[in-house]
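One file, run_37.cif, is given below (mmCIF, C-alpha atoms).
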```cif
data_input
loop_
_atom_site.label_atom_id
_atom_site.label_comp_id
_atom_site.auth_asym_id
_atom_site.auth_seq_id
_atom_site.Cartn_x
_atom_site.Cartn_y
_atom_site.Cartn_z
CA MET A 670 -13.53 0.09 -2.97
CA SER A 671 -12.01 3.26 -1.53
CA PRO A 672 -12.20 6.55 -3.41
CA TRP A 673 -8.52 6.20 -4.25
CA LEU A 674 -8.66 2.71 -5.75
CA THR A 675 -10.41 1.48 -8.86
CA ASP A 676 -10.64 -1.87 -10.60
CA ARG A 677 -11.39 -0.26 -13.95
CA PRO A 678 -9.26 1.64 -16.48
CA ILE A 679 -8.38 5.08 -15.13
CA ASP A 680 -10.27 7.98 -16.70
CA VAL A 681 -7.70 10.77 -16.76
CA GLY A 682 -10.23 13.21 -18.24
CA GLN A 683 -12.36 12.74 -15.15
CA LEU A 684 -9.39 13.44 -12.87
CA LEU A 685 -8.58 16.60 -14.83
CA ALA A 686 -12.18 17.71 -14.38
CA GLU A 687 -11.97 17.06 -10.63
CA VAL A 688 -9.11 19.49 -10.13
CA ALA A 689 -10.11 22.11 -12.68
CA SER A 690 -10.75 25.57 -11.30
CA ALA A 691 -10.62 29.16 -12.45
CA GLY A 692 -7.58 29.70 -10.24
CA ALA A 693 -5.39 26.97 -11.72
CA GLY A 694 -2.57 28.22 -13.91
CA GLY A 695 -0.66 24.96 -14.06
CA THR A 696 -1.98 21.39 -14.13
CA VAL A 697 0.27 18.34 -14.04
CA ALA A 698 -0.89 14.83 -14.89
CA PHE A 699 1.40 11.92 -13.97
CA LEU A 700 0.66 8.40 -15.17
CA GLY A 701 2.51 5.32 -14.02
CA THR A 702 2.21 2.85 -16.86
CA VAL A 703 2.92 -0.85 -17.23
CA ARG A 704 6.03 -1.23 -19.34
CA ARG A 705 8.17 -3.94 -20.81
CA SER A 706 11.95 -3.83 -20.59
CA ALA A 707 14.77 -6.16 -21.58
CA GLU A 708 15.38 -7.11 -17.94
CA ASP A 709 11.70 -7.66 -17.19
CA GLY A 710 10.99 -9.94 -20.12
CA ASP A 711 7.77 -10.42 -22.06
CA ILE A 712 5.27 -8.84 -19.72
CA ALA A 713 1.66 -9.05 -20.81
CA ALA A 714 0.18 -7.34 -17.78
CA ILE A 715 0.78 -6.55 -14.13
CA GLU A 716 -1.65 -7.69 -11.49
CA TYR A 717 -1.98 -5.21 -8.64
CA SER A 718 -3.34 -6.19 -5.24
CA ALA A 719 -3.87 -4.04 -2.18
CA TYR A 720 -4.66 -4.07 1.53
CA GLU A 721 -7.62 -1.97 0.54
CA GLU A 722 -8.84 -0.90 3.95
CA MET A 723 -5.38 0.35 4.88
CA ALA A 724 -4.68 1.86 1.46
CA GLU A 725 -7.72 4.09 1.88
CA GLY A 726 -6.32 5.58 5.07
CA GLU A 727 -2.76 5.74 3.80
CA PHE A 728 -3.85 7.67 0.69
CA ASP A 729 -5.97 9.93 2.91
CA ARG A 730 -2.82 10.68 4.92
CA ILE A 731 -0.56 11.16 1.87
CA VAL A 732 -3.01 13.56 0.21
CA ALA A 733 -3.52 15.44 3.49
CA GLU A 734 0.23 15.88 3.83
CA ALA A 735 0.46 17.20 0.27
CA THR A 736 -2.42 19.60 0.92
CA ALA A 737 -0.72 20.84 4.07
CA ARG A 738 2.50 21.56 2.15
CA TRP A 739 0.84 22.99 -0.97
CA PRO A 740 -2.48 24.42 0.26
CA LEU A 741 -3.38 25.96 -3.07
CA ALA A 742 -3.00 22.73 -5.01
CA ARG A 743 -6.01 20.61 -5.93
CA ILE A 744 -5.32 16.91 -6.10
CA ALA A 745 -6.88 13.88 -7.75
CA LEU A 746 -5.36 10.40 -7.45
CA ARG A 747 -6.41 6.92 -8.55
CA HIS A 748 -4.56 3.64 -8.20
CA ARG A 749 -5.74 0.66 -10.12
CA VAL A 750 -6.07 -2.83 -8.66
CA GLY A 751 -6.48 -6.03 -10.60
CA LEU A 752 -5.01 -6.80 -13.99
CA VAL A 753 -3.45 -3.82 -15.80
CA PRO A 754 -2.37 -4.62 -19.38
CA LEU A 755 0.90 -3.45 -20.92
CA GLY A 756 0.77 0.25 -21.77
CA GLU A 757 -2.11 1.10 -19.48
CA ALA A 758 -1.88 3.30 -16.41
CA SER A 759 -1.73 1.68 -12.98
CA VAL A 760 -1.71 5.02 -11.20
CA ALA A 761 -2.75 8.55 -12.13
CA ILE A 762 -2.01 11.68 -10.13
CA VAL A 763 -3.35 15.05 -11.27
CA THR A 764 -2.44 18.27 -9.50
CA ALA A 765 -3.57 21.79 -10.28
CA ALA A 766 -2.34 25.01 -8.68
CA PRO A 767 -2.17 28.72 -9.42
CA HIS A 768 1.50 28.28 -10.37
CA ARG A 769 3.15 25.30 -12.01
CA ALA A 770 5.93 24.99 -9.39
CA ASP A 771 3.43 23.82 -6.79
CA ALA A 772 1.64 21.53 -9.21
CA TYR A 773 4.93 19.83 -10.12
CA ALA A 774 6.18 19.63 -6.53
CA ALA A 775 2.92 18.19 -5.20
CA SER A 776 2.81 15.69 -8.06
CA ARG A 777 6.33 14.49 -7.31
CA PHE A 778 5.63 14.21 -3.59
CA LEU A 779 2.44 12.21 -4.17
CA ILE A 780 4.02 9.59 -6.43
CA GLU A 781 7.10 9.18 -4.24
CA GLU A 782 5.00 8.73 -1.10
CA THR A 783 2.65 6.36 -2.92
CA LYS A 784 5.58 4.22 -3.93
CA ARG A 785 7.09 4.33 -0.47
CA ARG A 786 3.99 3.71 1.67
CA ALA A 787 0.90 2.50 -0.12
CA PRO A 788 0.12 -1.14 0.83
CA ILE A 789 -0.05 -2.29 -2.77
CA TRP A 790 1.80 -5.14 -4.46
CA LYS A 791 2.35 -6.24 -8.04
CA LYS A 792 2.74 -9.51 -9.82
CA GLU A 793 4.13 -9.60 -13.34
CA ARG A 794 2.17 -11.80 -15.72
CA PHE A 795 4.16 -12.90 -18.75
CA VAL A 796 3.08 -13.77 -22.26
CA SER A 797 4.25 -17.31 -21.50
CA GLY A 798 1.65 -17.58 -18.75
CA GLN A 799 4.19 -17.49 -15.95
CA ALA A 800 3.87 -15.03 -13.10
CA ARG A 801 6.33 -13.47 -10.68
CA TRP A 802 5.97 -11.21 -7.64
CA VAL A 803 7.92 -7.98 -7.98
CA GLU A 804 10.25 -7.28 -5.07
CA GLY A 805 9.10 -4.05 -3.51
CA GLN A 806 10.39 -1.42 -1.13
CA PRO A 807 10.71 -2.65 2.45
CA GLY A 808 10.39 0.75 4.06
CA GLY A 809 6.64 1.00 4.36
CA GLY A 810 5.74 3.69 6.87
CA MET B 1157 8.96 -11.12 24.97
CA SER B 1158 7.20 -8.52 27.13
CA ALA B 1159 5.80 -9.67 30.47
CA PRO B 1160 2.00 -9.97 30.67
CA LYS B 1161 0.40 -7.13 32.55
CA PRO B 1162 -1.02 -8.33 35.88
CA GLY B 1163 -4.77 -8.61 35.82
CA SER B 1164 -5.10 -8.52 32.03
CA GLY B 1165 -6.46 -11.63 30.40
CA PRO B 1166 -5.32 -13.10 27.11
CA ILE B 1167 -6.22 -11.21 23.94
CA ARG B 1168 -7.18 -12.35 20.48
CA VAL B 1169 -5.99 -10.53 17.37
CA THR B 1170 -6.51 -11.16 13.68
CA VAL B 1171 -3.35 -11.49 11.60
CA ARG B 1172 -3.69 -10.54 7.94
CA LEU B 1173 -1.31 -11.58 5.19
CA PHE B 1174 -0.91 -10.27 1.65
CA ALA B 1175 0.79 -10.94 -1.66
CA SER B 1176 3.84 -13.21 -1.46
CA TYR B 1177 3.37 -13.76 2.28
CA ALA B 1178 -0.22 -14.94 1.84
CA GLU B 1179 0.95 -17.23 -0.94
CA ALA B 1180 3.71 -18.67 1.22
CA ALA B 1181 1.30 -19.26 4.10
CA GLY B 1182 -1.53 -20.54 1.94
CA LEU B 1183 -3.97 -18.28 3.81
CA GLU B 1184 -4.88 -14.62 4.08
CA ALA B 1185 -5.94 -14.29 7.70
CA PHE B 1186 -5.96 -16.16 10.97
CA ASP B 1187 -6.60 -15.44 14.63
CA LEU B 1188 -3.86 -15.39 17.23
CA SER B 1189 -4.11 -15.70 21.00
CA LEU B 1190 -1.62 -13.63 22.94
CA ALA B 1191 -0.98 -12.72 26.56
CA GLY B 1192 -2.52 -9.47 27.75
CA GLY B 1193 -0.14 -6.59 27.17
CA ALA B 1194 1.39 -8.24 24.12
CA THR B 1195 2.98 -6.01 21.53
CA ALA B 1196 3.15 -6.14 17.75
CA ALA B 1197 6.64 -7.65 18.13
CA ASP B 1198 5.17 -10.39 20.33
CA ALA B 1199 2.56 -11.15 17.67
CA LEU B 1200 5.28 -11.36 15.04
CA ALA B 1201 7.34 -13.71 17.22
CA GLU B 1202 4.31 -15.94 17.61
CA VAL B 1203 3.71 -15.95 13.86
CA ARG B 1204 7.34 -16.93 13.25
CA ARG B 1205 6.72 -20.27 14.95
CA ARG B 1206 4.74 -21.39 11.93
CA PRO B 1207 6.68 -23.32 9.29
CA TRP B 1208 5.88 -21.01 6.38
CA ALA B 1209 7.14 -18.02 8.38
CA ALA B 1210 10.75 -18.95 7.63
CA ARG B 1211 10.23 -16.91 4.44
CA LEU B 1212 9.60 -13.71 6.39
CA PRO B 1213 12.48 -11.20 6.51
CA PRO B 1214 14.06 -10.34 9.88
CA SER B 1215 12.02 -7.15 10.33
CA PRO B 1216 8.91 -7.06 8.16
CA ALA B 1217 6.75 -3.95 8.16
CA VAL B 1218 3.70 -4.31 10.37
CA ALA B 1219 0.40 -2.45 10.50
CA VAL B 1220 -1.89 -2.41 13.52
CA ASN B 1221 -5.49 -1.43 12.82
CA ARG B 1222 -4.54 -0.26 9.34
CA ARG B 1223 -1.67 2.02 10.27
CA TYR B 1224 2.04 1.27 10.15
CA ALA B 1225 3.24 0.50 13.67
CA GLY B 1226 6.49 -0.21 15.45
CA GLY B 1227 7.08 -3.47 17.27
CA ASP B 1228 6.54 -1.80 20.63
CA VAL B 1229 2.90 -0.92 19.93
CA ALA B 1230 0.67 -2.57 22.54
CA LEU B 1231 -2.15 -4.71 21.21
CA GLU B 1232 -5.72 -4.91 22.41
CA ASP B 1233 -8.33 -7.60 22.05
CA GLY B 1234 -9.83 -7.53 18.57
CA ASP B 1235 -6.93 -5.67 16.91
CA GLU B 1236 -5.99 -6.32 13.30
CA VAL B 1237 -2.27 -6.97 12.76
CA ALA B 1238 -1.08 -7.07 9.17
CA ILE B 1239 2.34 -8.23 8.04
CA ILE B 1240 3.21 -6.03 5.09
CA PRO B 1241 5.49 -7.37 2.35
CA PRO B 1242 7.78 -4.83 0.63
CA VAL B 1243 5.36 -2.54 -1.18
CA ALA B 1244 5.33 -2.06 -4.93
CA GLY B 1245 2.54 0.39 -5.66
CA GLY B 1246 2.70 3.40 -7.94
#
```
What is this file in C-alpha cells?
Amino acid sequence: MSPWLTDRPIDVGQLLAEVASAGAGGTVAFLGTVRRSAEDGDIAAIEYSAYEEMAEGEFDRIVAEATARWPLARIALRHRVGLVPLGEASVAIVTAAPHRADAYAASRFLIEETKRRAPIWKKERFVSGQARWVEGQPGGG
Amino acid sequence: MSAPKPGSGPIRVTVRLFASYAEAAGLEAFDLSLAGGATAADALAEVRRRPWAARLPPSPAVAVNRRYAGGDVALEDGDEVAIIPPVAGG
C-alpha cells in the first residue's frame, strides 16, 4: 500500500505528530467523513477502492504542487480504502505552517485536488444490504 | 484511427478497469494487441468493440502508465492503459 493509502482507521494524532514543528503557528486538520443524508438513504458504510499504483503517484504530484505553492507548510495526508463505516473518516489532511492562512489554503487545495484527480471510487453500502456506486467527477486529470 | 508507423511491429498493452467499469466488464484487466504507433484513443476504440463497453461514456478519462493522458498519447509495447471511471475520492 502506498504511503498515502491505508486500509485501517486513520490515526489523526499520528498525522498531527508528522507535521508538528517548532515553527508551526497554525495547524489545520480536515477530515472527510462518511455521512448519511435524506437523499442518500440508510448508509451503513462506504466501500472505497483505488487504482493504488496510480494513486500513489497522483498524491505525490498533488502534495508536491501544494509544497511548491506553500513552501513553509508541512503536509500529512491519508486516504482510506476498503470499508469505512458511517461517521468514520475516509480521508484526513493535516497542514501546519508558520501562519494559519497558508495552513488553511494548503488544506483546501489538497482536498479539492484529491476529489478532482485521485483515482479512487466509492460504493455506498446500505443497511438493507444493497450497494450502489456513487457517480463521481469525470474530470480526472 | 492513426496509421501504423512503417517498420514498427504490433504492440501489446495491458488494459486495466476499475469500479463500475470492471463490474460491467466482469474483469479487471486484459491484454490488447494494437498496431505499432497506436495511441490511447486507438486502444479505447478497440476496447469499445466489446459488448460491455456500450456502458462507457463518450470520452472516459484514460491513464497511460499511471498518469492521466490524452487520446493522442502514443503507446509502446508493454504499456499499461487504464480506463478511469468518474472519480469519487476524498
Using only C-alpha atoms, I'd like a table of the residues in chain A that come within 10 Å of chain B; for each, show the closest atom pair and its distance in Å rounded to one decimal, ordered by chain and ascending number, as a Markdown table.
```
| residue | atom | partner | partner_atom | distance |
| --- | --- | --- | --- | --- |
| A:Leu700 | CA | B:Gly1246 | CA | 9.0 |
| A:Gly701 | CA | B:Gly1246 | CA | 6.4 |
| A:Thr702 | CA | B:Gly1246 | CA | 9.0 |
| A:Tyr717 | CA | B:Gly1245 | CA | 7.8 |
| A:Ser718 | CA | B:Ala1175 | CA | 7.2 |
| A:Ala719 | CA | B:Phe1174 | CA | 7.9 |
| A:Tyr720 | CA | B:Phe1174 | CA | 7.2 |
| A:Glu721 | CA | B:Arg1222 | CA | 9.5 |
| A:Glu722 | CA | B:Arg1222 | CA | 6.9 |
| A:Met723 | CA | B:Arg1222 | CA | 4.6 |
| A:Ala724 | CA | B:Arg1222 | CA | 8.2 |
| A:Glu725 | CA | B:Arg1222 | CA | 9.2 |
| A:Gly726 | CA | B:Arg1222 | CA | 7.5 |
| A:Glu727 | CA | B:Arg1223 | CA | 7.5 |
| A:Arg747 | CA | B:Gly1246 | CA | 9.8 |
| A:His748 | CA | B:Gly1246 | CA | 7.3 |
| A:Arg749 | CA | B:Gly1246 | CA | 9.1 |
| A:Val750 | CA | B:Gly1245 | CA | 9.7 |
| A:Ala758 | CA | B:Gly1246 | CA | 9.6 |
| A:Ser759 | CA | B:Gly1246 | CA | 6.9 |
| A:Val760 | CA | B:Gly1246 | CA | 5.7 |
| A:Ala761 | CA | B:Gly1246 | CA | 8.6 |
| A:Ile762 | CA | B:Gly1246 | CA | 9.8 |
| A:Leu779 | CA | B:Gly1246 | CA | 9.6 |
| A:Ile780 | CA | B:Gly1246 | CA | 6.5 |
| A:Glu781 | CA | B:Gly1246 | CA | 8.2 |
| A:Glu782 | CA | B:Gly1246 | CA | 9.0 |
| A:Thr783 | CA | B:Gly1246 | CA | 5.8 |
| A:Lys784 | CA | B:Gly1246 | CA | 5.0 |
| A:Arg785 | CA | B:Val1243 | CA | 7.1 |
| A:Arg786 | CA | B:Val1243 | CA | 7.0 |
| A:Ala787 | CA | B:Gly1245 | CA | 6.2 |
| A:Pro788 | CA | B:Val1243 | CA | 5.8 |
| A:Ile789 | CA | B:Gly1245 | CA | 4.7 |
| A:Trp790 | CA | B:Ala1244 | CA | 4.7 |
| A:Lys791 | CA | B:Ala1244 | CA | 6.0 |
| A:Lys792 | CA | B:Ala1175 | CA | 8.5 |
| A:Arg801 | CA | B:Ser1176 | CA | 9.6 |
| A:Trp802 | CA | B:Ser1176 | CA | 6.8 |
| A:Val803 | CA | B:Ala1244 | CA | 7.1 |
| A:Glu804 | CA | B:Pro1242 | CA | 6.7 |
| A:Gly805 | CA | B:Pro1242 | CA | 4.4 |
| A:Gln806 | CA | B:Pro1242 | CA | 4.6 |
| A:Pro807 | CA | B:Pro1242 | CA | 4.1 |
| A:Gly808 | CA | B:Pro1242 | CA | 7.1 |
| A:Gly809 | CA | B:Ala1217 | CA | 6.2 |
| A:Gly810 | CA | B:Tyr1224 | CA | 5.5 |
```
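Checking B:Leu1212, B:Ala1196, B:Leu1188, B:Ala1201 one by one against Val1229 of chain B, counting only C-alpha atoms, you find the shortest gap at B:Ala1196.
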Atom-to-atom span, atom CA of Gly798 of chain A and atom CA of Asp709 of chain A, Å: 14.2 Å
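Near (-3.4, -6.9, 19.4), the residues inside the 8 Å limit, counting only C-alpha atoms, come to Ile1167, Arg1168, Val1169, Thr1170, Leu1190, Ala1194, Thr1195, Ala1196, Ala1199, Val1220, Ala1230, Leu1231, Glu1232, Asp1233, Gly1234, Asp1235, Glu1236 and Val1237 of chain B.
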Those selected residues, please, written with C-alpha atoms and delivered as an mmCIF file, in the frame of the given file.
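Saved file part07.cif follows:
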```cif
data_model
loop_
_atom_site.group_PDB
_atom_site.id
_atom_site.type_symbol
_atom_site.label_atom_id
_atom_site.label_comp_id
_atom_site.auth_asym_id
_atom_site.auth_seq_id
_atom_site.Cartn_x
_atom_site.Cartn_y
_atom_site.Cartn_z
ATOM 1 C CA ILE B 1167 -6.220 -11.210 23.940
ATOM 2 C CA ARG B 1168 -7.180 -12.350 20.480
ATOM 3 C CA VAL B 1169 -5.990 -10.530 17.370
ATOM 4 C CA THR B 1170 -6.510 -11.160 13.680
ATOM 5 C CA LEU B 1190 -1.620 -13.630 22.940
ATOM 6 C CA ALA B 1194 1.390 -8.240 24.120
ATOM 7 C CA THR B 1195 2.980 -6.010 21.530
ATOM 8 C CA ALA B 1196 3.150 -6.140 17.750
ATOM 9 C CA ALA B 1199 2.560 -11.150 17.670
ATOM 10 C CA VAL B 1220 -1.890 -2.410 13.520
ATOM 11 C CA ALA B 1230 0.670 -2.570 22.540
ATOM 12 C CA LEU B 1231 -2.150 -4.710 21.210
ATOM 13 C CA GLU B 1232 -5.720 -4.910 22.410
ATOM 14 C CA ASP B 1233 -8.330 -7.600 22.050
ATOM 15 C CA GLY B 1234 -9.830 -7.530 18.570
ATOM 16 C CA ASP B 1235 -6.930 -5.670 16.910
ATOM 17 C CA GLU B 1236 -5.990 -6.320 13.300
ATOM 18 C CA VAL B 1237 -2.270 -6.970 12.760
#
```
To verify the selection step, state as a list of chain:residue names which residues the PyMOL selection byres ((chain B and resi 1180) around 10) yields on this input.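 On the file shown, the PyMOL selection byres ((chain B and resi 1180) around 10) covers B:Leu1173, B:Phe1174, B:Ala1175, B:Ser1176, B:Tyr1177, B:Ala1178, B:Glu1179, B:Ala1181, B:Gly1182, B:Leu1183, B:Glu1184, B:Pro1207, B:Trp1208, B:Ala1209, B:Ala1210, B:Arg1211, B:Leu1212.
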Expected file contents, prior selection, C-alpha atoms, as a PDB file, in the coordinates of the input:
```
ATOM      1  CA  LEU B1173      -1.310 -11.580   5.190  1.00  0.00           C
ATOM      2  CA  PHE B1174      -0.910 -10.270   1.650  1.00  0.00           C
ATOM      3  CA  ALA B1175       0.790 -10.940  -1.660  1.00  0.00           C
ATOM      4  CA  SER B1176       3.840 -13.210  -1.460  1.00  0.00           C
ATOM      5  CA  TYR B1177       3.370 -13.760   2.280  1.00  0.00           C
ATOM      6  CA  ALA B1178      -0.220 -14.940   1.840  1.00  0.00           C
ATOM      7  CA  GLU B1179       0.950 -17.230  -0.940  1.00  0.00           C
ATOM      8  CA  ALA B1181       1.300 -19.260   4.100  1.00  0.00           C
ATOM      9  CA  GLY B1182      -1.530 -20.540   1.940  1.00  0.00           C
ATOM     10  CA  LEU B1183      -3.970 -18.280   3.810  1.00  0.00           C
ATOM     11  CA  GLU B1184      -4.880 -14.620   4.080  1.00  0.00           C
ATOM     12  CA  PRO B1207       6.680 -23.320   9.290  1.00  0.00           C
ATOM     13  CA  TRP B1208       5.880 -21.010   6.380  1.00  0.00           C
ATOM     14  CA  ALA B1209       7.140 -18.020   8.380  1.00  0.00           C
ATOM     15  CA  ALA B1210      10.750 -18.950   7.630  1.00  0.00           C
ATOM     16  CA  ARG B1211      10.230 -16.910   4.440  1.00  0.00           C
ATOM     17  CA  LEU B1212       9.600 -13.710   6.390  1.00  0.00           C
TER      18      LEU B1212
END
```
Step by step, work through what the PyMOL selection byres ((chain B and resi 1165) around 6) selects in the shown file, and finish by giving those residues as a CSV table (one decimal) with C-alpha atoms, keeping the file's coordinate frame.
```csv
chain,number,residue,atom,x,y,z
B,1164,SER,CA,-5.1,-8.5,32.0
B,1166,PRO,CA,-5.3,-13.1,27.1
B,1192,GLY,CA,-2.5,-9.5,27.8
```
Find, counting only C-alpha atoms, the residue in A:Ala714, A:Phe728, A:Phe795, A:Val697 that gets nearest to Ala774 of chain A.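 Counting only C-alpha atoms, the residue closest to Ala774 of chain A is A:Val697.
In this model, the gap between atom CA of Gln799 of chain A and atom CA of Glu757 of chain A comes to 19.9 Å.
Coordinates place atom CA of Ser1189 of chain B at a distance of 9.1 Å from atom CA of Glu1202 of chain B.
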Of the listed residues A:Asp729, A:Gly751, A:Pro740, A:Ser797, that which approaches Ala766 of chain A most closely, counting all atoms listed in the file: A:Pro740
B:Pro1214, B:Ala1191, B:Arg1205, B:Ile1239 ranked by distance to Val1171 of chain B, top pick (using only C-alpha atoms):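 The closest residue to Val1171 of chain B is B:Ile1239.
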Nearby residues (only C-alpha atoms) at most 9 Å from Thr696 of chain A, same-chain spacing under 2 positions excluded, as a PyMOL selection string: chain A and resi 685+688-689+693-694+698+763-769+772-773
Deliver the residues from the most recent selection as a file, using C-alpha atoms, as a PDB file, in the coordinates of the input.
```pdb
ATOM      1  CA  LEU A 685      -8.580  16.600 -14.830  1.00  0.00           C
ATOM      2  CA  VAL A 688      -9.110  19.490 -10.130  1.00  0.00           C
ATOM      3  CA  ALA A 689     -10.110  22.110 -12.680  1.00  0.00           C
ATOM      4  CA  ALA A 693      -5.390  26.970 -11.720  1.00  0.00           C
ATOM      5  CA  GLY A 694      -2.570  28.220 -13.910  1.00  0.00           C
ATOM      6  CA  ALA A 698      -0.890  14.830 -14.890  1.00  0.00           C
ATOM      7  CA  VAL A 763      -3.350  15.050 -11.270  1.00  0.00           C
ATOM      8  CA  THR A 764      -2.440  18.270  -9.500  1.00  0.00           C
ATOM      9  CA  ALA A 765      -3.570  21.790 -10.280  1.00  0.00           C
ATOM     10  CA  ALA A 766      -2.340  25.010  -8.680  1.00  0.00           C
ATOM     11  CA  PRO A 767      -2.170  28.720  -9.420  1.00  0.00           C
ATOM     12  CA  HIS A 768       1.500  28.280 -10.370  1.00  0.00           C
ATOM     13  CA  ARG A 769       3.150  25.300 -12.010  1.00  0.00           C
ATOM     14  CA  ALA A 772       1.640  21.530  -9.210  1.00  0.00           C
ATOM     15  CA  TYR A 773       4.930  19.830 -10.120  1.00  0.00           C
TER      16      TYR A 773
END
```
When distances are computed from only C-alpha atoms, which of A:Val703, A:Ala686, A:Ala713, A:Val796 shows the smallest separation from Arg743 of chain A?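 Checking each candidate against Arg743 of chain A, we get A:Ala686 as the closest.
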Draw an axis-aligned box over all listed atoms of segment 1201-1219 of chain B, pad each side with 3 Å, and write its centre and edge lengths in Å, one decimal, as AutoDock Vina command-line options.
```
--center_x 7.2 --center_y -12.9 --center_z 11.0 --size_x 19.7 --size_y 26.9 --size_z 19.2
```
Ranking A:Gly710, A:Ala737, A:Leu746, A:Val753 by minimum distance to Asp676 of chain A and counting all atoms listed in the file, which one comes first?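 For Asp676 of chain A, the nearest of the candidates is A:Val753.
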Reconstruct N, CA and C atoms of segment 1186-1201 of chain B from the incomplete input and present them as a short mmCIF file (atom, residue, chain, number, x, y, z; two decimals), in the coordinates of the input.
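Saved file out.cif follows:
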```
data_model
loop_
_atom_site.label_atom_id
_atom_site.label_comp_id
_atom_site.auth_asym_id
_atom_site.auth_seq_id
_atom_site.Cartn_x
_atom_site.Cartn_y
_atom_site.Cartn_z
N PHE B 1186 -5.73 -15.18 9.90
CA PHE B 1186 -5.96 -16.16 10.97
C PHE B 1186 -5.95 -15.43 12.30
N ASP B 1187 -6.56 -16.04 13.30
CA ASP B 1187 -6.60 -15.44 14.63
C ASP B 1187 -5.43 -15.94 15.47
N LEU B 1188 -5.00 -15.09 16.37
CA LEU B 1188 -3.86 -15.39 17.23
C LEU B 1188 -4.22 -15.06 18.67
N SER B 1189 -3.91 -15.98 19.58
CA SER B 1189 -4.11 -15.70 21.00
C SER B 1189 -2.79 -15.27 21.60
N LEU B 1190 -2.83 -14.17 22.33
CA LEU B 1190 -1.62 -13.63 22.94
C LEU B 1190 -1.89 -13.28 24.39
N ALA B 1191 -0.82 -13.15 25.18
CA ALA B 1191 -0.98 -12.72 26.56
C ALA B 1191 -1.40 -11.25 26.58
N GLY B 1192 -2.14 -10.87 27.59
CA GLY B 1192 -2.52 -9.47 27.75
C GLY B 1192 -1.28 -8.61 27.83
N GLY B 1193 -1.31 -7.45 27.17
CA GLY B 1193 -0.14 -6.59 27.17
C GLY B 1193 0.83 -6.90 26.05
N ALA B 1194 0.50 -7.87 25.22
CA ALA B 1194 1.39 -8.24 24.12
C ALA B 1194 1.55 -7.08 23.14
N THR B 1195 2.71 -7.05 22.50
CA THR B 1195 2.98 -6.01 21.53
C THR B 1195 2.96 -6.59 20.11
N ALA B 1196 3.10 -5.70 19.14
CA ALA B 1196 3.15 -6.14 17.75
C ALA B 1196 4.35 -7.08 17.55
N ALA B 1197 5.46 -6.78 18.23
CA ALA B 1197 6.64 -7.65 18.13
C ALA B 1197 6.33 -9.04 18.69
N ASP B 1198 5.56 -9.09 19.75
CA ASP B 1198 5.17 -10.39 20.33
C ASP B 1198 4.32 -11.18 19.33
N ALA B 1199 3.41 -10.49 18.67
CA ALA B 1199 2.56 -11.15 17.67
C ALA B 1199 3.43 -11.72 16.55
N LEU B 1200 4.39 -10.93 16.12
CA LEU B 1200 5.28 -11.36 15.04
C LEU B 1200 6.08 -12.59 15.47
N ALA B 1201 6.57 -12.57 16.71
CA ALA B 1201 7.34 -13.71 17.22
C ALA B 1201 6.48 -14.97 17.23
#
```
